[in-house]
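S.K.: Just one file: query_15.txt, with compact mmCIF, C-alpha atoms.
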# COMPACT_ATOMS: atom_id res chain seq x y z
CA LEU B 282 -87.79 13.48 -4.19
CA LEU B 283 -90.48 12.11 -6.48
CA PHE B 284 -89.76 14.85 -9.03
CA ASN B 285 -86.01 14.15 -8.87
CA SER B 286 -86.70 10.46 -9.32
CA PHE B 287 -88.85 11.24 -12.37
CA LEU B 288 -86.07 13.41 -13.83
CA GLY B 289 -83.56 10.64 -13.20
CA VAL B 290 -85.64 8.17 -15.19
CA LEU B 291 -86.35 10.75 -17.88
CA PHE B 292 -82.65 11.42 -18.48
CA MET B 293 -81.39 7.84 -18.12
CA ASP B 294 -79.68 6.37 -21.14
CA GLN B 295 -82.49 4.63 -23.02
CA ASN B 296 -80.18 1.71 -23.84
CA GLU B 297 -79.94 0.97 -20.12
CA VAL B 298 -83.69 1.37 -19.66
CA LEU B 299 -84.40 -1.03 -22.53
CA PHE B 300 -81.83 -3.55 -21.33
CA ASP B 301 -83.42 -3.57 -17.89
CA ARG B 302 -86.82 -4.08 -19.50
CA ALA B 303 -85.53 -6.81 -21.82
CA GLN B 304 -84.04 -8.82 -18.95
CA LYS B 305 -87.52 -9.23 -17.50
CA SER B 306 -88.80 -11.01 -20.62
CA ILE B 307 -85.77 -12.42 -22.47
CA PRO B 308 -83.03 -14.61 -20.93
CA GLY B 309 -80.12 -12.27 -20.25
CA GLY B 310 -82.00 -9.55 -22.10
CA VAL B 311 -80.73 -10.70 -25.49
CA ASN B 312 -81.51 -13.30 -28.15
CA SER B 313 -77.88 -14.21 -28.81
CA PRO B 314 -75.36 -14.34 -25.94
CA VAL B 315 -72.56 -12.11 -27.28
CA ARG B 316 -74.98 -9.19 -27.65
CA ALA B 317 -75.28 -8.99 -23.86
CA PHE B 318 -71.88 -7.25 -23.41
CA ARG B 319 -71.15 -9.68 -20.57
CA SER B 320 -67.48 -10.06 -21.46
CA VAL B 321 -66.90 -6.31 -21.68
CA GLY B 322 -69.46 -4.97 -19.20
CA GLY B 323 -72.10 -2.29 -19.59
CA ALA B 324 -75.42 -2.19 -21.37
CA PRO B 325 -75.71 -3.22 -25.03
CA ARG B 326 -76.78 -0.63 -27.55
CA PHE B 327 -80.31 -1.03 -28.91
CA ILE B 328 -80.15 -0.16 -32.58
CA LYS B 329 -82.99 1.75 -34.21
CA LYS B 330 -81.72 2.10 -37.78
CA ALA B 331 -78.64 1.85 -39.98
CA LEU B 332 -77.36 3.27 -43.23
CA GLY B 333 -74.15 2.54 -45.11
CA PRO B 334 -71.29 2.06 -42.59
CA HIS B 335 -73.29 3.53 -39.69
CA MET B 336 -75.77 2.35 -37.08
CA TYR B 337 -77.89 4.58 -34.84
CA ASP B 338 -79.07 3.60 -31.39
CA VAL B 339 -82.34 4.55 -29.67
CA GLU B 340 -80.62 7.65 -28.25
CA GLY B 341 -79.82 8.78 -31.78
CA LYS B 342 -76.07 8.25 -31.37
CA GLN B 343 -74.20 7.30 -34.53
CA TYR B 344 -71.67 4.46 -34.61
CA ILE B 345 -69.26 3.31 -37.29
CA ASP B 346 -70.25 -0.34 -37.55
CA TYR B 347 -67.57 -3.05 -37.68
CA ILE B 348 -69.94 -5.92 -36.88
CA GLY B 349 -72.08 -5.69 -40.01
CA SER B 350 -74.73 -7.98 -38.49
CA TRP B 351 -71.82 -10.40 -37.86
CA GLY B 352 -70.82 -10.47 -41.52
CA PRO B 353 -73.79 -10.23 -43.92
CA MET B 354 -73.76 -6.46 -44.51
CA ILE B 355 -70.89 -6.50 -46.99
CA LEU B 356 -72.67 -3.81 -49.04
CA GLY B 357 -73.27 -1.65 -45.99
CA HIS B 358 -76.68 -1.17 -44.42
CA ASN B 359 -79.78 -0.48 -46.51
CA ASN B 360 -78.24 -0.82 -49.94
CA PRO B 361 -80.88 0.74 -52.23
CA HIS B 362 -80.79 -2.03 -54.86
CA VAL B 363 -81.26 -4.73 -52.23
CA ILE B 364 -84.04 -2.84 -50.45
CA GLU B 365 -85.89 -2.27 -53.73
CA ALA B 366 -85.70 -5.98 -54.59
CA VAL B 367 -86.96 -6.97 -51.14
CA LYS B 368 -89.90 -4.54 -51.28
CA GLU B 369 -90.94 -5.97 -54.63
CA ALA B 370 -90.74 -9.51 -53.23
CA VAL B 371 -92.83 -8.55 -50.19
CA ASP B 372 -95.58 -7.29 -52.49
CA ASN B 373 -95.83 -10.80 -53.95
CA GLY B 374 -96.21 -12.53 -50.59
CA LEU B 375 -94.17 -13.44 -47.50
CA SER B 376 -94.07 -17.25 -47.60
CA PHE B 377 -95.68 -20.00 -49.65
CA GLY B 378 -94.41 -23.37 -48.44
CA ALA B 379 -94.00 -24.27 -52.11
CA PRO B 380 -91.12 -23.96 -54.60
CA THR B 381 -90.25 -20.57 -56.12
CA VAL B 382 -88.01 -19.49 -59.01
CA GLY B 383 -85.84 -17.56 -56.55
CA GLU B 384 -84.69 -20.80 -54.92
CA ILE B 385 -83.40 -22.05 -58.26
CA ASP B 386 -81.80 -18.71 -59.08
CA ILE B 387 -79.78 -18.50 -55.86
CA ALA B 388 -78.75 -22.16 -56.03
CA GLU B 389 -77.52 -21.66 -59.60
CA GLU B 390 -75.65 -18.51 -58.59
CA ILE B 391 -73.87 -20.28 -55.72
CA LYS B 392 -72.95 -23.15 -58.04
CA ARG B 393 -71.59 -20.73 -60.64
CA LEU B 394 -69.42 -18.89 -58.13
CA ILE B 395 -68.22 -21.91 -56.11
CA PRO B 396 -66.91 -24.68 -58.43
CA SER B 397 -66.83 -27.35 -55.68
CA VAL B 398 -70.61 -27.11 -55.29
CA GLU B 399 -72.73 -29.19 -57.68
CA GLU B 400 -76.01 -29.17 -55.73
CA VAL B 401 -77.34 -26.90 -52.97
CA ARG B 402 -79.94 -27.30 -50.20
CA LEU B 403 -81.20 -24.04 -48.68
CA VAL B 404 -81.82 -23.72 -44.95
CA SER B 405 -82.41 -20.79 -42.59
CA SER B 406 -79.33 -20.61 -40.35
CA GLY B 407 -75.66 -21.55 -40.15
CA THR B 408 -76.43 -23.88 -37.26
CA GLU B 409 -78.96 -25.70 -39.43
CA ALA B 410 -76.43 -25.94 -42.26
CA GLY B 411 -73.80 -27.43 -39.94
CA MET B 412 -76.16 -29.90 -38.31
CA SER B 413 -77.44 -31.04 -41.72
CA ALA B 414 -73.99 -31.29 -43.29
CA ILE B 415 -72.74 -33.57 -40.51
CA ARG B 416 -75.86 -35.75 -40.64
CA LEU B 417 -75.37 -36.01 -44.40
CA ALA B 418 -71.70 -36.99 -44.02
CA ARG B 419 -72.59 -39.67 -41.49
CA GLY B 420 -75.43 -40.97 -43.62
CA TYR B 421 -73.31 -41.01 -46.77
CA THR B 422 -70.30 -42.77 -45.21
CA GLY B 423 -72.12 -45.00 -42.71
CA ARG B 424 -69.64 -43.85 -40.04
CA ASN B 425 -70.18 -41.99 -36.76
CA LYS B 426 -66.97 -40.23 -35.75
CA ILE B 427 -66.46 -36.58 -36.65
CA VAL B 428 -63.47 -34.27 -36.24
CA LYS B 429 -63.58 -30.58 -35.37
CA PHE B 430 -60.94 -28.15 -34.19
CA GLU B 431 -60.36 -26.03 -31.10
CA GLY B 432 -61.83 -22.57 -31.45
CA CYS B 433 -63.91 -23.36 -34.54
CA TYR B 434 -67.64 -22.77 -34.11
CA HIS B 435 -70.14 -24.40 -36.45
CA GLY B 436 -73.42 -23.56 -34.77
CA HIS B 437 -75.04 -24.74 -31.57
CA SER B 438 -76.09 -28.25 -32.57
CA ASP B 439 -75.40 -30.81 -29.83
CA SER B 440 -72.59 -32.83 -31.41
CA LEU B 441 -70.54 -29.67 -32.05
CA LEU B 442 -70.91 -28.02 -28.64
CA VAL B 443 -67.75 -29.46 -27.17
CA LYS B 444 -64.79 -27.91 -25.39
CA GLY B 445 -61.60 -27.62 -27.37
CA GLY B 446 -59.18 -30.22 -26.01
CA SER B 447 -55.41 -30.27 -26.29
CA GLY B 448 -53.41 -33.27 -27.38
CA LEU B 449 -54.17 -36.04 -29.83
CA LEU B 450 -57.54 -37.79 -29.70
CA THR B 451 -59.13 -35.47 -27.13
CA PHE B 452 -62.74 -36.52 -27.15
CA GLY B 453 -65.25 -33.76 -26.69
CA THR B 454 -66.91 -33.08 -23.38
CA PRO B 455 -70.14 -31.13 -23.64
CA SER B 456 -69.57 -27.40 -23.13
CA SER B 457 -73.27 -26.69 -22.68
CA ALA B 458 -75.76 -27.97 -20.17
CA GLY B 459 -78.41 -30.11 -21.81
CA VAL B 460 -75.99 -31.88 -24.14
CA PRO B 461 -75.60 -35.56 -23.09
CA THR B 462 -72.04 -36.89 -23.08
CA ALA B 463 -73.24 -39.74 -25.28
CA VAL B 464 -74.03 -37.24 -28.05
CA THR B 465 -70.44 -35.96 -28.15
CA ASN B 466 -68.65 -39.27 -27.62
CA ASP B 467 -67.99 -39.49 -31.36
CA THR B 468 -66.74 -35.90 -31.64
CA ILE B 469 -62.95 -35.65 -31.72
CA VAL B 470 -61.41 -32.23 -31.07
CA LEU B 471 -57.94 -31.46 -32.46
CA GLU B 472 -55.68 -28.43 -32.43
CA TYR B 473 -56.26 -25.90 -35.21
CA ASN B 474 -53.30 -25.50 -37.57
CA ASN B 475 -51.63 -28.72 -36.40
CA PRO B 476 -51.21 -30.92 -39.51
CA LYS B 477 -48.97 -33.43 -37.70
CA GLN B 478 -51.66 -34.18 -35.11
CA LEU B 479 -54.29 -34.52 -37.83
CA LYS B 480 -52.17 -37.01 -39.79
CA GLU B 481 -51.48 -39.07 -36.67
CA LEU B 482 -55.22 -39.34 -36.03
CA PHE B 483 -55.96 -40.49 -39.58
CA ASP B 484 -53.14 -43.05 -39.47
CA LYS B 485 -54.89 -44.62 -36.46
CA GLU B 486 -58.60 -44.11 -37.08
CA GLY B 487 -59.06 -42.64 -40.55
CA ASP B 488 -61.36 -45.38 -41.82
CA GLU B 489 -63.81 -44.74 -38.94
CA ILE B 490 -64.17 -40.98 -39.43
CA ALA B 491 -67.27 -39.75 -41.25
CA CYS B 492 -66.17 -36.16 -41.70
CA VAL B 493 -63.80 -33.37 -40.80
CA ILE B 494 -65.40 -29.95 -40.38
CA VAL B 495 -63.28 -26.80 -40.41
CA GLU B 496 -63.36 -23.04 -40.83
CA ALA B 497 -60.62 -22.24 -43.37
CA VAL B 498 -60.49 -18.82 -41.74
CA ALA B 499 -61.74 -19.16 -38.17
CA GLY B 500 -63.92 -16.26 -37.04
CA ASN B 501 -65.17 -17.23 -33.60
CA MET B 502 -61.85 -17.31 -31.75
CA ASN B 503 -61.25 -13.93 -33.32
CA MET B 504 -59.93 -14.21 -36.88
CA VAL B 505 -57.34 -16.98 -37.24
CA PRO B 506 -56.49 -18.11 -40.79
CA ALA B 507 -55.58 -21.71 -41.47
CA THR B 508 -52.17 -22.49 -42.89
CA GLN B 509 -51.90 -23.93 -46.39
CA GLU B 510 -50.15 -27.04 -45.04
CA PHE B 511 -52.94 -27.65 -42.52
CA LEU B 512 -55.71 -27.56 -45.14
CA GLU B 513 -53.74 -29.52 -47.74
CA THR B 514 -52.98 -32.26 -45.20
CA MET B 515 -56.67 -32.33 -44.30
CA ARG B 516 -57.73 -32.71 -47.93
CA GLU B 517 -55.14 -35.44 -48.59
CA GLU B 518 -56.04 -37.50 -45.52
CA THR B 519 -59.81 -37.23 -45.94
CA ALA B 520 -59.57 -38.21 -49.61
CA LYS B 521 -57.32 -41.16 -48.77
CA HIS B 522 -59.72 -42.54 -46.15
CA GLY B 523 -63.06 -41.80 -47.82
CA THR B 524 -63.87 -39.13 -45.20
CA VAL B 525 -66.09 -36.19 -46.13
CA LEU B 526 -64.37 -32.80 -45.88
CA ILE B 527 -66.78 -30.05 -44.81
CA VAL B 528 -65.54 -26.47 -45.13
CA ASP B 529 -67.61 -24.06 -43.07
CA GLU B 530 -67.92 -20.85 -45.11
CA VAL B 531 -70.91 -19.46 -43.22
CA MET B 532 -68.73 -16.51 -42.26
CA THR B 533 -66.10 -16.49 -45.04
CA GLY B 534 -68.29 -17.34 -48.03
CA PHE B 535 -68.35 -14.29 -50.35
CA ARG B 536 -66.80 -12.29 -47.49
CA VAL B 537 -63.06 -12.95 -47.90
CA ALA B 538 -63.27 -13.46 -51.68
CA LEU B 539 -65.90 -13.98 -54.35
CA GLY B 540 -65.04 -17.68 -54.40
CA GLY B 541 -64.85 -17.91 -50.62
CA ALA B 542 -61.88 -19.02 -48.52
CA GLN B 543 -61.61 -22.24 -50.53
CA SER B 544 -60.67 -20.21 -53.61
CA LEU B 545 -57.82 -18.54 -51.70
CA TYR B 546 -56.45 -21.86 -50.44
CA HIS B 547 -57.24 -23.83 -53.64
CA ILE B 548 -59.08 -26.47 -51.59
CA ASP B 549 -61.84 -28.62 -53.11
CA PRO B 550 -64.20 -29.63 -50.25
CA ASP B 551 -66.86 -32.30 -50.48
CA ILE B 552 -69.46 -30.15 -48.70
CA THR B 553 -69.51 -26.40 -48.08
CA MET B 554 -71.68 -24.53 -45.59
CA PHE B 555 -72.88 -21.01 -46.43
CA GLY B 556 -74.73 -18.27 -44.57
CA LYS B 557 -74.59 -14.57 -43.72
CA VAL B 558 -73.68 -12.90 -47.07
CA ILE B 559 -75.95 -15.24 -49.09
CA GLY B 560 -78.86 -13.83 -47.08
CA GLY B 561 -77.76 -10.20 -47.26
CA GLY B 562 -79.01 -9.68 -43.70
CA MET B 563 -82.00 -12.02 -43.82
CA PRO B 564 -82.10 -15.65 -42.56
CA VAL B 565 -80.70 -17.68 -45.45
CA ALA B 566 -78.06 -20.39 -45.21
CA ALA B 567 -77.17 -23.44 -47.26
CA PHE B 568 -75.06 -26.56 -47.54
CA GLY B 569 -73.95 -27.87 -50.88
CA GLY B 570 -71.36 -30.09 -52.49
CA LYS B 571 -70.65 -33.05 -54.69
CA ARG B 572 -73.72 -34.47 -56.44
CA ASP B 573 -73.24 -38.06 -55.30
CA ILE B 574 -73.15 -36.92 -51.67
CA MET B 575 -76.01 -34.41 -51.97
CA ASN B 576 -78.22 -37.04 -53.59
CA SER B 577 -78.29 -38.83 -50.23
CA VAL B 578 -80.55 -36.04 -48.93
CA ALA B 579 -84.33 -36.62 -48.89
CA PRO B 580 -86.39 -36.86 -51.04
CA LEU B 581 -83.74 -38.64 -53.16
CA GLY B 582 -81.91 -40.40 -50.35
CA PRO B 583 -82.24 -41.65 -46.77
CA VAL B 584 -80.80 -38.59 -44.97
CA TYR B 585 -83.76 -36.55 -43.77
CA GLN B 586 -83.66 -32.75 -43.73
CA ALA B 587 -86.55 -30.31 -43.97
CA GLY B 588 -87.55 -26.76 -43.10
CA THR B 589 -90.84 -24.88 -43.38
CA LEU B 590 -89.16 -21.56 -44.14
CA SER B 591 -86.18 -22.90 -46.12
CA GLY B 592 -85.83 -20.85 -49.30
CA ASN B 593 -88.20 -18.15 -48.03
CA PRO B 594 -88.97 -16.00 -51.11
CA VAL B 595 -88.29 -12.63 -49.46
CA ALA B 596 -85.05 -13.78 -47.81
CA VAL B 597 -83.80 -15.45 -50.99
CA THR B 598 -84.49 -12.27 -52.97
CA CYS B 599 -82.43 -10.28 -50.48
CA GLY B 600 -79.54 -12.73 -50.74
CA LEU B 601 -79.65 -12.93 -54.52
CA ALA B 602 -79.63 -9.14 -54.86
CA THR B 603 -76.59 -9.03 -52.56
CA LEU B 604 -74.76 -11.67 -54.60
CA HIS B 605 -75.39 -9.65 -57.76
CA GLU B 606 -74.04 -6.43 -56.21
CA ILE B 607 -70.77 -7.94 -54.96
CA GLN B 608 -69.84 -8.98 -58.49
CA GLN B 609 -69.26 -5.40 -59.63
CA PRO B 610 -65.76 -4.90 -61.14
CA GLY B 611 -63.14 -4.10 -58.52
CA PHE B 612 -65.47 -4.79 -55.58
CA TYR B 613 -63.19 -7.17 -53.68
CA LYS B 614 -60.03 -5.23 -54.49
CA ARG B 615 -61.56 -2.12 -52.95
CA LEU B 616 -63.00 -4.03 -49.97
CA SER B 617 -59.64 -5.68 -49.24
CA GLU B 618 -57.77 -2.40 -49.56
CA GLN B 619 -60.04 -0.60 -47.10
CA THR B 620 -59.86 -3.43 -44.59
CA ALA B 621 -56.07 -3.57 -44.87
CA LYS B 622 -55.94 0.21 -44.45
CA LEU B 623 -57.91 -0.07 -41.22
CA VAL B 624 -55.71 -2.85 -39.85
CA LYS B 625 -52.48 -1.08 -40.75
CA GLY B 626 -53.72 2.14 -39.17
CA LEU B 627 -54.73 0.41 -35.94
CA GLY B 628 -51.29 -1.19 -35.72
CA ALA B 629 -49.61 2.20 -36.20
CA MET B 630 -51.74 3.79 -33.46
CA ALA B 631 -50.95 0.98 -31.02
CA LYS B 632 -47.23 1.32 -31.75
CA LYS B 633 -47.43 5.09 -31.22
CA HIS B 634 -48.72 4.52 -27.69
CA GLY B 635 -46.52 1.51 -26.90
CA VAL B 636 -49.38 -0.98 -26.56
CA ALA B 637 -48.77 -4.66 -27.34
CA PHE B 638 -51.11 -5.23 -30.26
CA SER B 639 -51.38 -7.01 -33.61
CA ALA B 640 -53.97 -7.15 -36.39
CA GLN B 641 -54.57 -8.79 -39.76
CA SER B 642 -57.19 -8.98 -42.48
CA ILE B 643 -58.41 -11.16 -45.35
CA GLY B 644 -60.85 -9.60 -47.79
CA GLY B 645 -63.49 -7.75 -45.77
CA MET B 646 -62.75 -9.61 -42.53
CA PHE B 647 -60.25 -8.64 -39.84
CA GLY B 648 -58.92 -9.59 -36.43
CA ILE B 649 -57.43 -7.42 -33.68
CA TYR B 650 -55.44 -8.90 -30.81
CA PHE B 651 -53.94 -7.43 -27.66
CA ARG B 652 -50.87 -9.58 -28.16
CA GLY B 653 -47.53 -8.87 -29.82
CA LYS B 654 -48.07 -11.32 -32.71
CA CYS B 655 -51.18 -12.52 -34.54
CA PRO B 656 -52.31 -15.88 -33.09
CA THR B 657 -52.34 -19.09 -35.11
CA SER B 658 -54.23 -21.29 -32.65
CA PHE B 659 -56.88 -21.23 -29.93
CA LYS B 660 -54.14 -21.48 -27.29
CA GLU B 661 -52.47 -18.34 -28.62
CA VAL B 662 -55.79 -16.49 -28.81
CA MET B 663 -56.21 -17.20 -25.11
CA GLU B 664 -52.98 -15.31 -24.47
CA CYS B 665 -54.53 -12.02 -25.62
CA ASP B 666 -55.04 -9.39 -22.89
CA ALA B 667 -58.78 -9.28 -22.19
CA ASP B 668 -58.57 -6.34 -19.76
CA ARG B 669 -56.82 -4.12 -22.30
CA PHE B 670 -59.40 -5.11 -24.89
CA LYS B 671 -62.27 -4.11 -22.57
CA THR B 672 -60.77 -0.68 -22.02
CA PHE B 673 -60.17 -0.26 -25.75
CA PHE B 674 -63.67 -1.47 -26.66
CA HIS B 675 -65.45 1.01 -24.40
CA ALA B 676 -63.19 3.89 -25.42
CA MET B 677 -63.99 3.18 -29.06
CA LEU B 678 -67.71 2.81 -28.32
CA ASP B 679 -67.74 6.14 -26.47
CA ASN B 680 -66.15 7.69 -29.55
CA GLY B 681 -68.76 6.24 -31.90
CA VAL B 682 -67.01 3.09 -33.15
CA TYR B 683 -68.90 -0.19 -32.69
CA LEU B 684 -66.60 -3.22 -32.48
CA ALA B 685 -67.61 -6.76 -31.55
CA PRO B 686 -68.11 -6.83 -27.75
CA SER B 687 -65.84 -9.85 -27.34
CA ILE B 688 -62.15 -10.57 -27.68
CA TYR B 689 -63.08 -13.77 -29.52
CA GLU B 690 -65.00 -12.31 -32.46
CA ALA B 691 -63.74 -11.21 -35.88
CA GLY B 692 -64.63 -7.82 -37.34
CA PHE B 693 -66.15 -6.90 -40.70
CA VAL B 694 -65.79 -4.01 -43.13
CA SER B 695 -68.32 -3.08 -45.81
CA ILE B 696 -67.79 -1.50 -49.21
CA THR B 697 -69.24 1.73 -47.75
CA HIS B 698 -66.34 2.12 -45.28
CA ASP B 699 -64.62 4.81 -47.32
CA ASP B 700 -61.43 6.73 -46.48
CA SER B 701 -63.24 9.27 -44.33
CA VAL B 702 -64.84 6.51 -42.24
CA ILE B 703 -61.48 4.75 -41.78
CA ALA B 704 -59.88 8.08 -40.83
CA ARG B 705 -62.53 8.75 -38.17
CA THR B 706 -62.03 5.23 -36.83
CA LEU B 707 -58.29 5.79 -36.49
CA GLU B 708 -58.84 9.12 -34.73
CA ALA B 709 -60.96 7.26 -32.17
CA ALA B 710 -58.31 4.54 -31.93
CA ASP B 711 -55.62 7.13 -31.19
CA GLU B 712 -57.58 8.19 -28.09
CA ALA B 713 -58.50 4.61 -27.18
CA PHE B 714 -54.92 3.31 -27.26
CA ALA B 715 -53.81 6.33 -25.23
CA LYS B 716 -56.42 5.37 -22.60
CA VAL B 717 -55.26 1.72 -22.63
CA LYS B 718 -51.72 2.94 -21.94
CA ARG B 719 -52.86 5.22 -19.11
CA VAL B 720 -54.99 2.57 -17.44
CA HIS B 721 -52.83 -0.51 -17.90
CA GLY B 722 -49.36 0.88 -18.49
Represent the supplied structure as structure tokens.
M.R.:
Amino acid sequence: LLFNSFLGVLFMDQNEVLFDRAQKSIPGGVNSPVRAFRSVGGAPRFIKKALGPHMYDVEGKQYIDYIGSWGPMILGHNNPHVIEAVKEAVDNGLSFGAPTVGEIDIAEEIKRLIPSVEEVRLVSSGTEAGMSAIRLARGYTGRNKIVKFEGCYHGHSDSLLVKGGSGLLTFGTPSSAGVPTAVTNDTIVLEYNNPKQLKELFDKEGDEIACVIVEAVAGNMNMVPATQEFLETMREETAKHGTVLIVDEVMTGFRVALGGAQSLYHIDPDITMFGKVIGGGMPVAAFGGKRDIMNSVAPLGPVYQAGTLSGNPVAVTCGLATLHEIQQPGFYKRLSEQTAKLVKGLGAMAKKHGVAFSAQSIGGMFGIYFRGKCPTSFKEVMECDADRFKTFFHAMLDNGVYLAPSIYEAGFVSITHDDSVIARTLEAADEAFAKVKRVHG
């Protein structure tokens, strides 16, 4: 019996062994909730290494990666030019707590690529960028009320952790323990892609609103693009009432286009949040915008913001090398074509097996939905079939395709996802949709 028990442990999947071990030291066994596989079931995969479009777990199994570290790995994993630049930076030191040339270089590069940005402040995470951008908007306008939209996620700062309400003027209730109601009393939650509701709010309370914060392409209720009318109404109303418009491009910046989502919609925000791609896989984020607003940030102005590791020299080098690589001729055309090819192929496979399904893409970002039509709002996202997604997710994972383990997360393609990788993905999808049909009818 002892020997059999030893053999059982010896031949257990090491991902399960590690997950069991992790749960004894880390809350839920993970350091970010979606990694826990709670919404799909099973043990998460512990990744040992990655290269190009592939990741390899501790068992040595290869996966085609459609998470891309949740967006940053637009070049694929371990791009040689980026790795070389990072190694050189490491040789010079890990952190100084003093200014470096790299901070200027990346700020200038962001300014050059994003015309709405005149000054940039570097931080270490998207959450930090969102928290700082809202504080800046409040400090600049002298107002307290902020507007966000159902299904849009801007980090886990207190004032933004509110449930998405329905109906005009739904004030946010905290959606996390530890967030006092008083903190979210000035957070107004509106429906995404509802310009009429937005205009009605501004007609009543526009002069009291410090800022509107929005994802032009939402990525945390799966991928849901904004409509042109919605964003144009937002820009018109905020400009009319002296309200700061914050466009959250932590996910979309340099991912859907070289100029970000704002270049696709021709929107000129007052403040933009960046992250993910500008770090190339290391912790770099930023908020930037109009000079008169940014000059309210300390040390020039009264809005305090600071960070010991902001502009870390190694992380900034990684991000800058990534920004240089994505400017190669034809990069975004190729990236968009491959992502569209994936989405079209998935739709064809679903149709072949008679499974209600839809999908869409923008640049190197895509959404898949177990619903007949692509959703345009949080309410419609909630209509997607979670059980069918779970079956599909695990069938794909078993066949070596790593999708986001949640029905509410967007997917990402890198420039290394060539035709052969897409073809292998669609072969796996053929089997996965067949299983969905067998299990769910």
S.K.: At a cut-off of 7 Å, using only C-alpha atoms, what residues contact range 578-586 of chain B? Leave out same-chain residues fewer than 6 positions from it and give the result as a count of residues only.
M.R.: 3
S.K.: Residues within 8 Å of (-80.6, 3.9, -29.2), file coordinates, counting all atoms listed in the file: what are they? Give the list as number ranges by chain.
M.R.: B: 295-296, 326-329, 337-342
S.K.: List as a short mmCIF file (atom, residue, chain, number, x, y, z; two decimals) with C-alpha atoms, in the coordinates of the input: which residues have an atom within 12 Å of (-57.0, -0.2, -23.2), counting only C-alpha atoms?
M.R.:
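File produced: part-v8.cif:
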data_model
loop_
_atom_site.label_atom_id
_atom_site.label_comp_id
_atom_site.auth_asym_id
_atom_site.auth_seq_id
_atom_site.Cartn_x
_atom_site.Cartn_y
_atom_site.Cartn_z
CA VAL B 321 -66.90 -6.31 -21.68
CA ALA B 631 -50.95 0.98 -31.02
CA HIS B 634 -48.72 4.52 -27.69
CA GLY B 635 -46.52 1.51 -26.90
CA VAL B 636 -49.38 -0.98 -26.56
CA ALA B 637 -48.77 -4.66 -27.34
CA PHE B 638 -51.11 -5.23 -30.26
CA TYR B 650 -55.44 -8.90 -30.81
CA PHE B 651 -53.94 -7.43 -27.66
CA ASP B 666 -55.04 -9.39 -22.89
CA ALA B 667 -58.78 -9.28 -22.19
CA ASP B 668 -58.57 -6.34 -19.76
CA ARG B 669 -56.82 -4.12 -22.30
CA PHE B 670 -59.40 -5.11 -24.89
CA LYS B 671 -62.27 -4.11 -22.57
CA THR B 672 -60.77 -0.68 -22.02
CA PHE B 673 -60.17 -0.26 -25.75
CA PHE B 674 -63.67 -1.47 -26.66
CA HIS B 675 -65.45 1.01 -24.40
CA ALA B 676 -63.19 3.89 -25.42
CA MET B 677 -63.99 3.18 -29.06
CA ALA B 710 -58.31 4.54 -31.93
CA ASP B 711 -55.62 7.13 -31.19
CA GLU B 712 -57.58 8.19 -28.09
CA ALA B 713 -58.50 4.61 -27.18
CA PHE B 714 -54.92 3.31 -27.26
CA ALA B 715 -53.81 6.33 -25.23
CA LYS B 716 -56.42 5.37 -22.60
CA VAL B 717 -55.26 1.72 -22.63
CA LYS B 718 -51.72 2.94 -21.94
CA ARG B 719 -52.86 5.22 -19.11
CA VAL B 720 -54.99 2.57 -17.44
CA HIS B 721 -52.83 -0.51 -17.90
CA GLY B 722 -49.36 0.88 -18.49
#
S.K.: Using all atoms listed in the file, which residue out of B:Ala538, B:Leu545, B:Val493, B:Cys599 lies closest to Glu365 in chain B?
M.R.: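 Comparing B:Ala538, B:Leu545, B:Val493, B:Cys599 against Glu365 in chain B, the winner is B:Cys599.
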S.K.: What's the 9 Å shell around range 554-566 of chain B, counting all atoms listed in the file, without same-chain residues fewer than 2 positions away, as a PyMOL selection string?
M.R.: chain B and resi 349-356+358+363+387+391+402-411+414+527-536+552+568-570+591-593+595-604
S.K.: Counting only C-alpha atoms, which of B:Pro461, B:Gly653, B:Gly374, B:Gly487 gets nearest to Val428 in chain B?
M.R.: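 So, comparing all the options, the nearest one is B:Gly487.
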S.K.: Please provide as a ChimeraX atom specification all residues within 6 Å of Cys665 in chain B, with the sequence filter that same-chain residues fewer than 2 positions apart are discarded (counting all atoms listed in the file).
M.R.: /B:651-652,662-663
S.K.: Fewer than 2 positions away in the same chain doesn't count, so skip those; otherwise give me all residues within 6 Å of Ala691 in chain B, counting all atoms listed in the file, as a list in words.
M.R.: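 The residues satisfying every condition are Gly500, Asn503, Met504, Phe647 and Gly648 of chain B.
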S.K.: At what distance in Å, to one decimal, does CA of Gln619 in chain B lie from CA of Val367 in chain B?
M.R.: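 Going from CA of Val367 in chain B over to CA of Gln619 in chain B covers 28.0 Å.
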S.K.: Using all atoms listed in the file, which of the listed residues (B:Met293, B:Ala542, B:Ile345, B:Met630) sits closest to Leu684 in chain B?
M.R.: B:Ile345
S.K.: Of the residues B:Pro476, B:Gly323, B:Gly383, B:Gly309, which is the one nearest to Glu297 in chain B, using only C-alpha atoms?
M.R.: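 Distance minimum relative to Glu297 in chain B lands on B:Gly323.
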S.K.: Provide the CA of Ser397 in chain B to CA of Ala567 in chain B distance in Å, to one decimal place.
M.R.: 13.9 Å
S.K.: Could you tell me how far CA of Gly644 in chain B lies from CA of Lys330 in chain B, in Å and to one decimal?
M.R.: 25.9 Å
S.K.: Taking all atoms of range 318-323 of chain B that the file lists, what box with edges along x, y and z, padded by 8 Å per side, do you get, with centre and edge lengths in Å to one decimal, as AutoDock Vina command-line options?
M.R.:
--center_x -69.5 --center_y -6.2 --center_z -21.3 --size_x 21.2 --size_y 23.8 --size_z 20.2
S.K.: So, counting all atoms listed in the file, which residue among B:Val682, B:Ile574, B:Pro361, B:Lys625 is closest to Glu708 in chain B?
M.R.: B:Val682
